[in-house]
$ cat entry_11.txt   # compact mmCIF, C-alpha atoms
# COMPACT_ATOMS: atom_id res chain seq x y z
CA MET X 1 4.64 -175.56 -67.16
CA SER X 2 4.86 -172.71 -69.63
CA PHE X 3 6.02 -169.19 -68.93
CA ALA X 4 2.50 -167.86 -69.35
CA SER X 5 0.94 -170.06 -66.70
CA ARG X 6 3.85 -169.49 -64.32
CA SER X 7 3.46 -165.74 -64.45
CA LYS X 8 -0.28 -166.10 -63.91
CA MET X 9 0.34 -168.12 -60.73
CA LYS X 10 1.58 -165.01 -58.90
CA LYS X 11 -1.70 -163.14 -58.84
CA VAL X 12 -4.13 -165.93 -57.94
CA THR X 13 -5.78 -166.63 -54.60
CA PRO X 14 -4.80 -169.82 -52.72
CA VAL X 15 -8.06 -171.47 -53.75
CA GLN X 16 -7.41 -170.71 -57.40
CA ARG X 17 -3.88 -172.00 -57.07
CA ASP X 18 -5.08 -175.24 -55.54
CA TYR X 19 -7.54 -175.61 -58.38
CA GLN X 20 -4.85 -175.01 -60.97
CA LEU X 21 -2.62 -177.61 -59.36
CA LEU X 22 -5.50 -180.09 -59.29
CA ALA X 23 -6.40 -179.37 -62.91
CA GLN X 24 -2.76 -179.84 -63.86
CA SER X 25 -2.52 -183.19 -62.07
CA ILE X 26 -5.50 -184.66 -63.91
CA GLU X 27 -4.80 -183.05 -67.27
CA PRO X 28 -4.19 -185.84 -69.78
CA THR X 29 -0.48 -186.05 -70.54
CA ARG X 30 0.42 -185.49 -74.17
CA PRO X 31 1.84 -188.52 -75.95
CA ILE X 32 5.00 -186.63 -76.82
CA ALA X 33 6.99 -189.56 -78.25
CA ARG X 34 4.11 -190.63 -80.49
CA ASN X 35 3.46 -187.05 -81.65
CA CYS X 36 7.13 -186.59 -82.50
CA MET X 37 7.19 -189.85 -84.47
CA ARG X 38 4.17 -188.71 -86.47
CA ALA X 39 5.61 -185.23 -87.00
CA PHE X 40 8.85 -186.78 -88.25
CA ILE X 41 7.10 -189.17 -90.64
CA ALA X 42 4.73 -186.55 -92.08
CA GLY X 43 7.33 -183.78 -92.28
CA GLY X 44 9.88 -186.16 -93.78
CA ALA X 45 7.35 -187.34 -96.36
CA ILE X 46 6.53 -183.77 -97.43
CA CYS X 47 10.25 -182.96 -97.73
CA PHE X 48 10.70 -186.16 -99.75
CA VAL X 49 8.06 -184.95 -102.21
CA GLY X 50 9.77 -181.54 -102.21
CA GLU X 51 13.16 -183.09 -102.97
CA ALA X 52 11.64 -185.13 -105.81
CA LEU X 53 10.04 -181.97 -107.27
CA MET X 54 13.37 -180.13 -106.99
CA LYS X 55 15.10 -182.91 -108.90
CA VAL X 56 12.42 -182.81 -111.62
CA PHE X 57 12.69 -179.02 -111.98
CA GLN X 58 16.49 -179.24 -112.14
CA ARG X 59 16.57 -182.06 -114.67
CA TYR X 60 13.73 -181.20 -117.05
CA PHE X 61 13.09 -177.44 -116.66
CA GLY X 62 16.62 -176.05 -116.48
CA PHE X 63 16.51 -174.71 -112.92
CA THR X 64 19.67 -174.65 -110.82
CA GLU X 65 19.96 -176.02 -107.31
CA GLN X 66 19.48 -172.51 -105.94
CA THR X 67 16.50 -171.52 -108.11
CA ALA X 68 14.62 -174.83 -108.05
CA GLY X 69 13.27 -173.93 -104.59
CA ASN X 70 10.71 -171.42 -105.94
CA PRO X 71 8.78 -173.67 -108.35
CA THR X 72 8.97 -176.49 -105.80
CA VAL X 73 7.37 -174.32 -103.13
CA ALA X 74 4.72 -173.15 -105.61
CA VAL X 75 3.77 -176.73 -106.54
CA LEU X 76 3.68 -177.83 -102.90
CA ILE X 77 1.42 -174.85 -102.11
CA LEU X 78 -0.90 -175.77 -104.99
CA LEU X 79 -1.11 -179.38 -103.75
CA SER X 80 -1.77 -178.17 -100.21
CA VAL X 81 -4.53 -175.81 -101.35
CA ILE X 82 -6.23 -178.58 -103.35
CA LEU X 83 -6.07 -180.96 -100.39
CA THR X 84 -7.37 -178.22 -98.08
CA ALA X 85 -10.28 -177.41 -100.40
CA PHE X 86 -11.33 -181.06 -100.35
CA GLY X 87 -10.99 -181.20 -96.56
CA VAL X 88 -8.21 -183.78 -96.70
CA TYR X 89 -5.38 -181.63 -95.32
CA ASP X 90 -7.15 -181.06 -92.01
CA LYS X 91 -7.49 -184.82 -91.55
CA ILE X 92 -3.77 -185.25 -92.25
CA ALA X 93 -3.03 -182.40 -89.83
CA GLN X 94 -4.94 -184.07 -87.01
CA TRP X 95 -2.71 -187.10 -87.35
CA ALA X 96 0.56 -185.36 -88.14
CA GLY X 97 0.55 -182.34 -85.80
CA ALA X 98 3.60 -180.19 -86.47
CA GLY X 99 4.59 -182.54 -89.31
CA SER X 100 2.03 -180.92 -91.58
CA ALA X 101 2.15 -177.46 -90.00
CA VAL X 102 5.89 -176.68 -90.19
CA PRO X 103 6.42 -177.24 -93.96
CA VAL X 104 5.23 -174.46 -96.33
CA THR X 105 2.19 -176.62 -97.06
CA GLY X 106 0.97 -175.74 -93.55
CA PHE X 107 1.36 -172.04 -94.37
CA ALA X 108 -0.77 -172.50 -97.49
CA ASN X 109 -3.27 -174.56 -95.50
CA SER X 110 -3.72 -171.77 -92.96
CA LEU X 111 -4.34 -169.21 -95.73
CA CYS X 112 -6.67 -171.44 -97.68
CA SER X 113 -8.73 -172.69 -94.74
CA ALA X 114 -9.22 -169.11 -93.48
CA ALA X 115 -10.20 -168.01 -97.00
CA ILE X 116 -12.79 -170.78 -97.32
CA GLU X 117 -14.06 -170.57 -93.76
CA HIS X 118 -14.92 -166.87 -93.98
CA LYS X 119 -16.43 -167.11 -97.46
CA SER X 120 -19.92 -166.81 -95.97
CA GLU X 121 -19.12 -163.22 -94.91
CA GLY X 122 -18.55 -162.27 -98.54
CA LEU X 123 -15.58 -162.34 -100.88
CA VAL X 124 -14.22 -158.93 -99.92
CA LEU X 125 -14.85 -158.73 -96.17
CA GLY X 126 -14.76 -162.47 -95.54
CA THR X 127 -12.26 -164.14 -97.84
CA GLY X 128 -10.17 -161.07 -98.58
CA GLY X 129 -10.14 -159.70 -95.06
CA ASN X 130 -9.53 -162.93 -93.20
CA MET X 131 -7.15 -164.80 -95.50
CA PHE X 132 -4.13 -163.80 -93.38
CA LYS X 133 -5.89 -164.22 -90.06
CA LEU X 134 -3.70 -167.21 -89.13
CA ALA X 135 -0.73 -166.76 -91.45
CA GLY X 136 -0.38 -163.03 -90.76
CA SER X 137 1.78 -163.47 -87.68
CA VAL X 138 4.33 -165.50 -89.66
CA ILE X 139 4.56 -162.80 -92.34
CA VAL X 140 4.69 -159.91 -89.86
CA PHE X 141 7.38 -161.41 -87.63
CA GLY X 142 9.30 -162.79 -90.60
CA THR X 143 9.36 -159.40 -92.28
CA VAL X 144 10.28 -157.48 -89.12
CA SER X 145 13.11 -159.88 -88.25
CA ALA X 146 14.37 -159.88 -91.86
CA PHE X 147 14.33 -156.07 -91.76
CA ALA X 148 16.33 -156.13 -88.52
CA VAL X 149 18.87 -158.55 -90.00
CA GLY X 150 19.10 -156.35 -93.12
CA ILE X 151 19.78 -153.26 -90.97
CA VAL X 152 22.50 -155.11 -89.06
CA HIS X 153 24.09 -156.15 -92.35
CA TRP X 154 23.93 -152.57 -93.59
CA ILE X 155 25.54 -151.20 -90.42
CA ILE X 156 28.38 -153.68 -90.14
CA GLY X 157 28.70 -153.91 -93.90
CA ILE X 158 28.61 -157.66 -94.46
CA LYS X 159 26.48 -157.06 -97.56
CA GLY X 160 25.10 -160.51 -98.12
CA MET K 1 19.86 -190.91 -103.39
CA MET K 2 21.61 -189.51 -100.32
CA ASP K 3 19.91 -186.20 -101.14
CA PHE K 4 16.56 -187.80 -100.39
CA VAL K 5 17.80 -189.35 -97.15
CA TRP K 6 19.11 -186.00 -95.86
CA ALA K 7 15.99 -184.14 -97.02
CA VAL K 8 13.76 -186.54 -95.09
CA LEU K 9 15.98 -186.64 -91.99
CA VAL K 10 16.48 -182.87 -91.75
CA GLY K 11 12.92 -181.93 -92.74
CA GLY K 12 11.52 -184.48 -90.31
CA ALA K 13 13.83 -183.24 -87.56
CA ILE K 14 12.65 -179.63 -87.98
CA CYS K 15 9.05 -180.84 -87.70
CA VAL K 16 9.97 -182.73 -84.50
CA ILE K 17 11.44 -179.50 -83.10
CA GLY K 18 8.14 -177.79 -83.91
CA GLN K 19 6.19 -180.60 -82.27
CA LEU K 20 8.35 -180.39 -79.13
CA MET K 21 7.80 -176.63 -78.95
CA MET K 22 4.04 -177.25 -79.00
CA ASP K 23 3.98 -180.29 -76.67
CA VAL K 24 6.77 -179.58 -74.20
CA GLY K 25 6.94 -175.78 -74.51
CA LYS K 26 3.10 -175.63 -74.71
CA LEU K 27 3.27 -172.93 -77.37
CA THR K 28 0.40 -172.36 -79.78
CA PRO K 29 1.01 -173.40 -83.41
CA ALA K 30 1.13 -169.69 -84.36
CA HIS K 31 3.90 -169.01 -81.81
CA THR K 32 5.79 -172.09 -82.99
CA MET K 33 5.69 -171.05 -86.66
CA THR K 34 6.64 -167.47 -85.78
CA ILE K 35 9.70 -168.60 -83.81
CA LEU K 36 10.77 -170.95 -86.61
CA VAL K 37 10.52 -168.17 -89.20
CA ILE K 38 12.58 -165.82 -87.01
CA ALA K 39 15.14 -168.61 -86.51
CA GLY K 40 15.42 -169.02 -90.28
CA ALA K 41 15.90 -165.27 -90.73
CA VAL K 42 18.59 -165.06 -88.04
CA LEU K 43 20.45 -168.12 -89.36
CA ASP K 44 20.58 -166.55 -92.79
CA GLY K 45 21.88 -163.33 -91.29
CA ILE K 46 24.98 -165.07 -89.92
CA SER K 47 27.59 -165.43 -92.61
CA PHE K 48 30.41 -167.86 -92.29
CA GLY K 49 33.21 -167.57 -94.80
CA GLY K 50 31.08 -165.43 -97.13
CA VAL K 51 28.23 -167.94 -97.28
CA SER K 52 25.26 -167.68 -94.90
CA LEU K 53 24.62 -170.54 -92.49
CA TYR K 54 21.21 -171.23 -94.01
CA ASP K 55 22.70 -171.48 -97.50
CA ARG K 56 25.15 -174.10 -96.28
CA PHE K 57 22.21 -175.84 -94.69
CA ILE K 58 20.33 -175.86 -98.05
CA ASP K 59 23.39 -177.21 -99.88
CA PHE K 60 23.48 -180.04 -97.40
CA ALA K 61 19.78 -180.83 -96.85
CA GLY K 62 18.11 -179.67 -100.08
CA ALA K 63 14.34 -179.76 -99.74
CA GLY K 64 14.79 -180.63 -96.06
CA ALA K 65 15.87 -177.01 -95.61
CA THR K 66 13.74 -175.28 -98.28
CA VAL K 67 10.37 -176.89 -97.54
CA PRO K 68 9.99 -176.11 -93.78
CA ILE K 69 8.72 -172.62 -92.89
CA THR K 70 12.21 -171.63 -91.66
CA SER K 71 13.14 -171.13 -95.33
CA PHE K 72 10.56 -168.34 -95.49
CA GLY K 73 12.63 -166.31 -93.02
CA ASN K 74 15.73 -167.24 -94.95
CA ALA K 75 14.24 -166.06 -98.26
CA LEU K 76 13.09 -162.75 -96.75
CA VAL K 77 16.61 -161.99 -95.48
CA HIS K 78 18.18 -163.20 -98.71
CA GLY K 79 16.10 -160.83 -100.83
CA ALA K 80 16.90 -157.93 -98.51
CA THR K 81 20.68 -158.53 -98.38
CA LYS K 82 20.88 -159.09 -102.14
CA GLU K 83 19.17 -155.78 -102.91
CA LEU K 84 21.23 -154.11 -100.18
CA GLN K 85 24.32 -155.22 -102.01
CA ASP K 86 23.05 -154.03 -105.39
CA ASN K 87 21.18 -150.82 -104.54
CA GLY K 88 22.30 -149.66 -101.10
CA TRP K 89 20.14 -149.13 -98.01
CA ILE K 90 16.84 -148.78 -99.92
CA GLY K 91 17.33 -152.41 -100.95
CA ILE K 92 16.35 -153.55 -97.46
CA LEU K 93 12.86 -152.18 -98.13
CA THR K 94 12.57 -153.13 -101.79
CA GLY K 95 14.18 -156.56 -101.59
CA ILE K 96 12.55 -158.31 -98.64
CA PHE K 97 9.76 -159.88 -100.71
CA GLU K 98 11.84 -160.42 -103.84
CA LEU K 99 12.41 -164.15 -103.35
CA THR K 100 9.31 -165.02 -101.32
CA SER K 101 7.07 -163.55 -104.00
CA ALA K 102 6.58 -166.98 -105.60
CA GLY K 103 5.40 -168.60 -102.37
CA ILE K 104 3.20 -165.75 -101.15
CA THR K 105 1.65 -165.03 -104.55
CA ALA K 106 0.97 -168.71 -105.19
CA ALA K 107 -0.59 -169.11 -101.74
CA ILE K 108 -2.83 -166.03 -102.14
CA VAL K 109 -3.97 -166.78 -105.71
CA PHE K 110 -4.58 -170.50 -105.18
CA SER K 111 -6.34 -169.90 -101.87
CA PHE K 112 -8.58 -167.26 -103.43
CA LEU K 113 -9.49 -169.55 -106.33
CA ALA K 114 -10.14 -172.38 -103.87
CA ALA K 115 -12.41 -170.10 -101.82
CA LEU K 116 -14.40 -169.32 -104.99
CA VAL K 117 -15.21 -172.96 -105.63
CA ALA K 118 -15.00 -174.74 -102.28
CA ARG K 119 -17.73 -174.85 -99.68
CA PRO K 120 -16.90 -174.30 -95.98
CA ARG K 121 -16.84 -177.50 -93.95
CA GLY K 122 -17.49 -178.44 -90.38
$ encode --input "entry_11.txt" --output "structure tokens"
Amino acid sequence: MSFASRSKMKKVTPVQRDYQLLAQSIEPTRPIARNCMRAFIAGGAICFVGEALMKVFQRYFGFTEQTAGNPTVAVLILLSVILTAFGVYDKIAQWAGAGSAVPVTGFANSLCSAAIEHKSEGLVLGTGGNMFKLAGSVIVFGTVSAFAVGIVHWIIGIKG
Amino acid sequence: MMDFVWAVLVGGAICVIGQLMMDVGKLTPAHTMTILVIAGAVLDGISFGGVSLYDRFIDFAGAGATVPITSFGNALVHGATKELQDNGWIGILTGIFELTSAGITAAIVFSFLAALVARPRG
């Protein structure tokens, strides 16, 4: 039981609580082991492609181990956007769960699918306004936490 | 060759952690991604012998550490601390997006182009 549902339990009537318990008992259990296997296979495969791209960028384009990450991420994002535009990524995501959501390709997928989905509302209000509808939380919390870490570094003077 | 093995094992393991947060923790995908990004940012903030924990992690796992979304948090902190070192406190504001620019710009531009040509489905 999650924190959210536990805190909700406090304010419900006995009848509601009984119903929640009943609903919980007949809720289909998630196949956790199978989902984790799939997440591992899909996530591992995406990282395998990433590692191969990194090696190519290091060997043929003169990037170092530290700088090869940027072009690798850019290529993975391009691949993800193409697959999303053709509707393939969502099919992979249904099978892979977190395996396709956790890598940066999932970040690109959430931007791209929101951009395409809201196209009917117009390019400015639809695509432009909704592109970060799903990915926004990642950017906001990432930026705020990075800012906090930066402030801590500044105060205690680790400086990188 | 071992680079590939570690990339797959570590990258796969991070995805399993994400899956467990969704299945066992019953978090939404958005909450899961947000927590992973914050984890990446915090891990990069902790230095150990002059090198941040996430950097050591990248040295060891390669793409297994740079491809999952945790590296986004890492890159945000890295840009901020690098500029902090070079330019003082203003660097925290100017540097945060320095290294993630490639990923965010690529995602925005490609997604916009895709939205121009693709038709909504389902």
$ atom_distance --input "entry_11.txt" --atom1 "atom CA of Tyr19 of chain X" --atom2 "atom CA of Gly97 of chain X"
29.4 Å
$ closest_residue --input "entry_11.txt" --among "K:Gly40, K:Gly91, K:Gly49, K:Gly11" --to "chain X" --atoms "all atoms listed in the file"
K:Gly11
$ closest_atom_pairs --input "entry_11.txt" --of "chain X" --to "chain K" --cutoff "6 Å" --atoms "all atoms listed in the file" --output "CSV"
residue,atom,partner,partner_atom,distance
X:Cys36,CA,K:Val16,CA,5.2
X:Ala39,CA,K:Val16,CA,5.6
X:Phe40,CA,K:Gly12,CA,4.1
X:Gly43,CA,K:Gly12,CA,4.7
X:Gly44,CA,K:Val8,CA,4.1
X:Cys47,CA,K:Gly64,CA,5.4
X:Phe48,CA,K:Val8,CA,5.6
X:Gly50,CA,K:Ala63,CA,5.5
X:Glu51,CA,K:Ala63,CA,4.8
X:Ala74,CA,K:Gly103,CA,5.6
X:Ala85,CA,K:Ala118,CA,5.7
X:Ala98,CA,K:Gln19,CA,5.0
X:Gly99,CA,K:Cys15,CA,5.0
X:Val102,CA,K:Pro68,CA,5.5
X:Pro103,CA,K:Pro68,CA,3.7
X:Val104,CA,K:Ile69,CA,5.2
X:Ala108,CA,K:Ala107,CA,5.4
X:Cys112,CA,K:Ser111,CA,4.5
X:Ala115,CA,K:Ala115,CA,5.7
X:Ile116,CA,K:Ala115,CA,4.6
X:Glu117,CA,K:Pro120,CA,5.2
X:Val138,CA,K:Thr34,CA,4.9
X:Gly142,CA,K:Gly73,CA,5.4
X:Ala146,CA,K:Val77,CA,4.8
X:Val149,CA,K:Gly45,CA,5.8
X:Gly150,CA,K:Ile92,CA,5.9
X:Lys159,CA,K:Gln85,CA,5.3
X:Gly160,CA,K:Thr81,CA,4.9
$ axis_aligned_box --input "entry_11.txt" --around "segment 6-24 of chain K" --padding-each-side "6 Å" --output "AutoDock Vina command-line options"
--center_x 11.5 --center_y -181.6 --center_z -85.6 --size_x 27.1 --size_y 22.0 --size_z 34.8
$ atom_distance --input "entry_11.txt" --atom1 "atom CA of Met37 of chain X" --atom2 "atom CA of Ala96 of chain X"
8.8 Å
$ atom_distance --input "entry_11.txt" --atom1 "atom CA of Leu53 of chain K" --atom2 "atom CA of Met2 of chain K"
20.7 Å
$ residues_near_point --input "entry_11.txt" --point "(6.0, -175.3, -106.5)" --cutoff "10 Å" --atoms "only C-alpha atoms" --output "PDB file with C-alpha atoms, in the frame of the given file"
ATOM      1  CA  GLY X  50       9.770-181.540-102.210  1.00  0.00           C
ATOM      2  CA  LEU X  53      10.040-181.970-107.270  1.00  0.00           C
ATOM      3  CA  MET X  54      13.370-180.130-106.990  1.00  0.00           C
ATOM      4  CA  PHE X  57      12.690-179.020-111.980  1.00  0.00           C
ATOM      5  CA  ALA X  68      14.620-174.830-108.050  1.00  0.00           C
ATOM      6  CA  GLY X  69      13.270-173.930-104.590  1.00  0.00           C
ATOM      7  CA  ASN X  70      10.710-171.420-105.940  1.00  0.00           C
ATOM      8  CA  PRO X  71       8.780-173.670-108.350  1.00  0.00           C
ATOM      9  CA  THR X  72       8.970-176.490-105.800  1.00  0.00           C
ATOM     10  CA  VAL X  73       7.370-174.320-103.130  1.00  0.00           C
ATOM     11  CA  ALA X  74       4.720-173.150-105.610  1.00  0.00           C
ATOM     12  CA  VAL X  75       3.770-176.730-106.540  1.00  0.00           C
ATOM     13  CA  LEU X  76       3.680-177.830-102.900  1.00  0.00           C
ATOM     14  CA  ILE X  77       1.420-174.850-102.110  1.00  0.00           C
ATOM     15  CA  LEU X  78      -0.900-175.770-104.990  1.00  0.00           C
ATOM     16  CA  LEU X  79      -1.110-179.380-103.750  1.00  0.00           C
TER      17      LEU X  79
ATOM     18  CA  ALA K 102       6.580-166.980-105.600  1.00  0.00           C
ATOM     19  CA  GLY K 103       5.400-168.600-102.370  1.00  0.00           C
ATOM     20  CA  ALA K 106       0.970-168.710-105.190  1.00  0.00           C
TER      21      ALA K 106
END
$ build_atoms --input "entry_11.txt" --residues "segment 49-60 of chain K" --atoms "all heavy atoms" --output "tab-separated table (two decimals), in the frame of the given file"
chain	number	residue	atom	x	y	z
K	49	GLY	N	32.36	-167.42	-93.63
K	49	GLY	CA	33.21	-167.57	-94.80
K	49	GLY	C	32.53	-167.09	-96.07
K	49	GLY	O	32.66	-167.69	-97.13
K	50	GLY	N	31.72	-166.01	-95.96
K	50	GLY	CA	31.08	-165.43	-97.13
K	50	GLY	C	29.78	-166.09	-97.53
K	50	GLY	O	29.04	-165.58	-98.36
K	51	VAL	N	29.48	-167.26	-96.97
K	51	VAL	CA	28.23	-167.94	-97.28
K	51	VAL	C	27.40	-168.02	-96.01
K	51	VAL	O	27.91	-168.34	-94.94
K	51	VAL	CB	28.49	-169.36	-97.82
K	51	VAL	CG1	27.18	-170.03	-98.22
K	51	VAL	CG2	29.45	-169.33	-98.99
K	52	SER	N	26.08	-167.70	-96.11
K	52	SER	CA	25.26	-167.68	-94.90
K	52	SER	C	25.05	-169.11	-94.40
K	52	SER	O	25.11	-170.08	-95.16
K	52	SER	CB	23.92	-167.03	-95.18
K	52	SER	OG	23.02	-167.96	-95.74
K	53	LEU	N	24.80	-169.22	-93.10
K	53	LEU	CA	24.62	-170.54	-92.49
K	53	LEU	C	23.46	-171.29	-93.14
K	53	LEU	O	23.54	-172.49	-93.39
K	53	LEU	CB	24.36	-170.39	-90.99
K	53	LEU	CG	25.57	-170.12	-90.11
K	53	LEU	CD1	25.14	-170.06	-88.65
K	53	LEU	CD2	26.62	-171.20	-90.29
K	54	TYR	N	22.36	-170.54	-93.45
K	54	TYR	CA	21.21	-171.23	-94.01
K	54	TYR	C	21.50	-171.74	-95.42
K	54	TYR	O	21.01	-172.79	-95.82
K	54	TYR	CB	19.97	-170.33	-94.00
K	54	TYR	CG	18.69	-171.13	-93.91
K	54	TYR	CD1	18.12	-171.43	-92.69
K	54	TYR	CD2	18.08	-171.64	-95.06
K	54	TYR	CE1	16.99	-172.20	-92.60
K	54	TYR	CE2	16.94	-172.42	-94.97
K	54	TYR	CZ	16.41	-172.69	-93.74
K	54	TYR	OH	15.29	-173.49	-93.65
K	55	ASP	N	22.33	-171.01	-96.16
K	55	ASP	CA	22.70	-171.48	-97.50
K	55	ASP	C	23.49	-172.78	-97.44
K	55	ASP	O	23.29	-173.69	-98.24
K	55	ASP	CB	23.54	-170.42	-98.22
K	55	ASP	CG	22.66	-169.49	-99.02
K	55	ASP	OD1	21.44	-169.71	-99.02
K	55	ASP	OD2	23.19	-168.54	-99.64
K	56	ARG	N	24.39	-172.85	-96.46
K	56	ARG	CA	25.15	-174.10	-96.28
K	56	ARG	C	24.20	-175.24	-95.93
K	56	ARG	O	24.35	-176.38	-96.38
K	56	ARG	CB	26.18	-173.93	-95.16
K	56	ARG	CG	27.34	-173.07	-95.60
K	56	ARG	CD	28.22	-172.69	-94.44
K	56	ARG	NE	29.28	-171.82	-94.90
K	56	ARG	CZ	30.48	-172.26	-95.28
K	56	ARG	NH1	30.78	-173.53	-95.21
K	56	ARG	NH2	31.38	-171.42	-95.71
K	57	PHE	N	23.22	-174.89	-95.11
K	57	PHE	CA	22.21	-175.84	-94.69
K	57	PHE	C	21.41	-176.36	-95.89
K	57	PHE	O	21.14	-177.56	-96.02
K	57	PHE	CB	21.31	-175.12	-93.68
K	57	PHE	CG	20.31	-175.96	-92.99
K	57	PHE	CD1	20.63	-177.22	-92.55
K	57	PHE	CD2	19.04	-175.46	-92.74
K	57	PHE	CE1	19.69	-177.99	-91.88
K	57	PHE	CE2	18.11	-176.23	-92.08
K	57	PHE	CZ	18.44	-177.48	-91.66
K	58	ILE	N	21.07	-175.45	-96.85
K	58	ILE	CA	20.33	-175.86	-98.05
K	58	ILE	C	21.20	-176.75	-98.93
K	58	ILE	O	20.74	-177.77	-99.45
K	58	ILE	CB	19.84	-174.63	-98.84
K	58	ILE	CG1	18.75	-173.88	-98.05
K	58	ILE	CG2	19.31	-175.03	-100.21
K	58	ILE	CD1	18.29	-172.60	-98.69
K	59	ASP	N	22.48	-176.38	-99.08
K	59	ASP	CA	23.39	-177.21	-99.88
K	59	ASP	C	23.42	-178.64	-99.36
K	59	ASP	O	23.49	-179.60	-100.12
K	59	ASP	CB	24.81	-176.63	-99.81
K	59	ASP	CG	24.95	-175.41	-100.69
K	59	ASP	OD1	24.07	-175.23	-101.56
K	59	ASP	OD2	25.91	-174.65	-100.51
K	60	PHE	N	23.33	-178.74	-98.04
K	60	PHE	CA	23.48	-180.04	-97.40
K	60	PHE	C	22.15	-180.81	-97.38
K	60	PHE	O	22.12	-181.99	-97.71
K	60	PHE	CB	24.01	-179.79	-95.97
K	60	PHE	CG	23.82	-180.90	-95.02
K	60	PHE	CD1	24.55	-182.07	-95.15
K	60	PHE	CD2	22.93	-180.77	-93.98
K	60	PHE	CE1	24.37	-183.10	-94.25
K	60	PHE	CE2	22.75	-181.80	-93.09
K	60	PHE	CZ	23.48	-182.97	-93.22
